[in-house]
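Input: a single structure, listed below in structure tokens.
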Amino acid sequence: MPLQWVIVFWAWSGAVALAAIPTLRHATWANVAVSAGTFLLAVALIVQPFAQHGWTHTDALNLPFILVSAFVGLTTAVFSAATLDAEGFDHWRIRAYHAAYQIFMGAQTLALLADNLGVMWVAIEIATLATVSMVAVHRTPAAIEAAWKFFILCGVGIALALFGTIVLYLAAQPLLDETTGLSWTALMTVAARCDPATLNLAFAFLLLGYGTKVGLVPLHSWLPDAHAEGPVPISAVLSGLLLNAAMLAVLRSKAIVGANPAAIAAGPFLLAMGLATVLLASLALWRRRDARRFFAWSSIEHMGLAAFAFGLGGPVANLAGLLHLIGHSLVKSAIFFGVGRACQAKGSQKIADIGGLVATHPALGWGLALAIAAIGGLPPALLFVSEFRLLSAAAAEAPWLAVPLAIGMVTALAALITVLQGLCFGTPTPDAPGGSPRGWQEMAASTPLWIHMAVATGLALAMPAGLAAMLGAAARVIG
């Protein structure tokens, strides 16, 4: 069996095993073991030459995200092992949560690896259903409402994406046989000869459909609720992983449409949706009072920045967008580790109830402060590099758009710094009874945050030459 499929079925086999483990302690560490195996397989995959095996393939565009996905999956599993007992799960919810987690990880990996439009659509749908079940696992009225909103809005999105997939297949059907008509690789070879009007229609539906999963305006409202009501660790994989897989589908669609000179340019649509998303999210940040919802809106803003970068196109802007997605995955998941742990310690998700973490929980408070500064784009974070490149490209290619983009970025940064001040350096607030476990749990809850920050900062200061070359090649793939 090719290694691409081994990674997917390793996670799904783990899901079957975890569904049979009713004890929280055993299940959490078994989840860590399965996630560690996925990470090792991803490392083995990334050092191999690019290859295609049936419905899957590896290239410069998906390999970096596969490695990031496996890394975030492993650190989130470690964080879960340290904090999940605070969720109060019974043995059925323990089984459901861990099984759904590994189903999600397998589907996420398959979506990134897919060389087939249909397989990617199915994989993203499986990942969506798995996350819906994790969001709803508490079965409180708020959790059920959030899960239904997630399911309905993303269901509309995935239906639009399915229609776009069918239309794209019809555009290539006269030029490809039925066995290769859904292959991204095959579609790229014939895109220039496809009917441009059909390609235009396909891209419109694919952008709206997968854009819903990305969290782009106007179908973005599911994301804050899903982050706020699900178990604490789920916010990390929602922001750090699912959004990337959906964005990858948009980018591959953009590359196909861009290969046809008679088709409408895809860039202006991404520019418009990206800028609208940034501006709306930057203003919405000032009205959030729930910490997890606040940082969910920050994820929406950063997806808008990435979409804007890919809308500009070209090697410089595309590279900025890729760096932004990677940096966002690493830093935002670190933030949700810190914020989630702080919410458990204080017994509340309200920003007003969480204060002075540097004084009461030094490792957590300083790590969260550095992470919030990094997500705001302050140096020396990887997001500073990507945002600087993005603004430079926008100023050179579309200066009339660079001004509102910069205004949105500064507005969001000001909101982030305001919240950073309160959460980390404000007046200390008391912990909830039993909210401050010590020993290995406290260390294991903070360690993933610091590991993420170390990796993100290291990539900003000294990115490995091989990864830099791969991202440069990926920027050219997007077009």
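Following the order of the structure tokens, chains are lettered A, B, ..., residues in each are numbered from 1, and ligands are numbered from 1.
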**OP:** Could you tell me, as a PyMOL selection string, which residues of range 210-400 of chain A DSSP assigns to alpha helix (DSSP H) when given the backbone?
**Re:** chain A and resi 210-214+222-229+234-237+243-258+267-284+291-312+314-346+357-360+362-375+382-397+399-400
Original post:
Within 7 Å of Ile66 in chain A, counting only C-alpha atoms, which residues qualify if same-chain residues fewer than 5 places away don't, as a ChimeraX atom specification?
Top reply: /A:42,109,112
Subject >> Nearby residues (only C-alpha atoms) at most 9 Å from Gly340 in chain A, same-chain spacing under 2 positions excluded, as an MDAnalysis selection string >> reply: chainID A and resid 83 231:233 235 291:292 335:338 342:345 349
**OP:** Excluding Phe384 in chain A and any residue of its chain fewer than 5 positions from it, enumerate the residues within 10 Å of it, using only C-alpha atoms, and give them as a list in words.
**Re:**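 Contacts, with the query itself left out: Leu323, His324, Gly327, Ala373, Ala374, Ile375, Gly376, Gly377, Leu378, Pro379, Arg389, Leu390 and Ala460 of chain A.
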Subject >> Those of range 6-175 of chain A in DSSP strand (DSSP E), formatted as a ChimeraX atom specification >> reply: /A:52-53,56-57
Selection above as a file: N, CA, C and O atoms, as a tab-separated table (two decimals), in the first residue's frame:
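For reference, again02.tsv as written:
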```tsv
chain	number	residue	atom	x	y	z
A	52	GLN	N	2.55	10.11	-7.56
A	52	GLN	CA	1.10	9.98	-7.70
A	52	GLN	C	0.73	8.51	-7.61
A	52	GLN	O	1.35	7.66	-8.24
A	53	HIS	N	-0.27	8.22	-6.77
A	53	HIS	CA	-0.75	6.84	-6.61
A	53	HIS	C	-2.27	6.87	-6.68
A	53	HIS	O	-2.96	7.13	-5.69
A	56	THR	N	-4.44	9.79	-5.13
A	56	THR	CA	-3.64	10.68	-4.29
A	56	THR	C	-2.35	11.06	-5.01
A	56	THR	O	-1.89	10.37	-5.91
A	57	HIS	N	-1.79	12.19	-4.59
A	57	HIS	CA	-0.49	12.59	-5.11
A	57	HIS	C	0.16	13.55	-4.13
A	57	HIS	O	-0.49	14.12	-3.25
```
Original post:
Any idea what the distance is between CA of Thr131 in chain A and CA of Leu449 in chain A?
Top reply: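 Computing the Euclidean distance for CA of Thr131 in chain A and CA of Leu449 in chain A yields 21.9 Å.
Nearest to Ala111 in chain A of all the residues A:Val403, A:Phe71, A:Trp5, A:Ala236 is A:Trp5, counting only C-alpha atoms.
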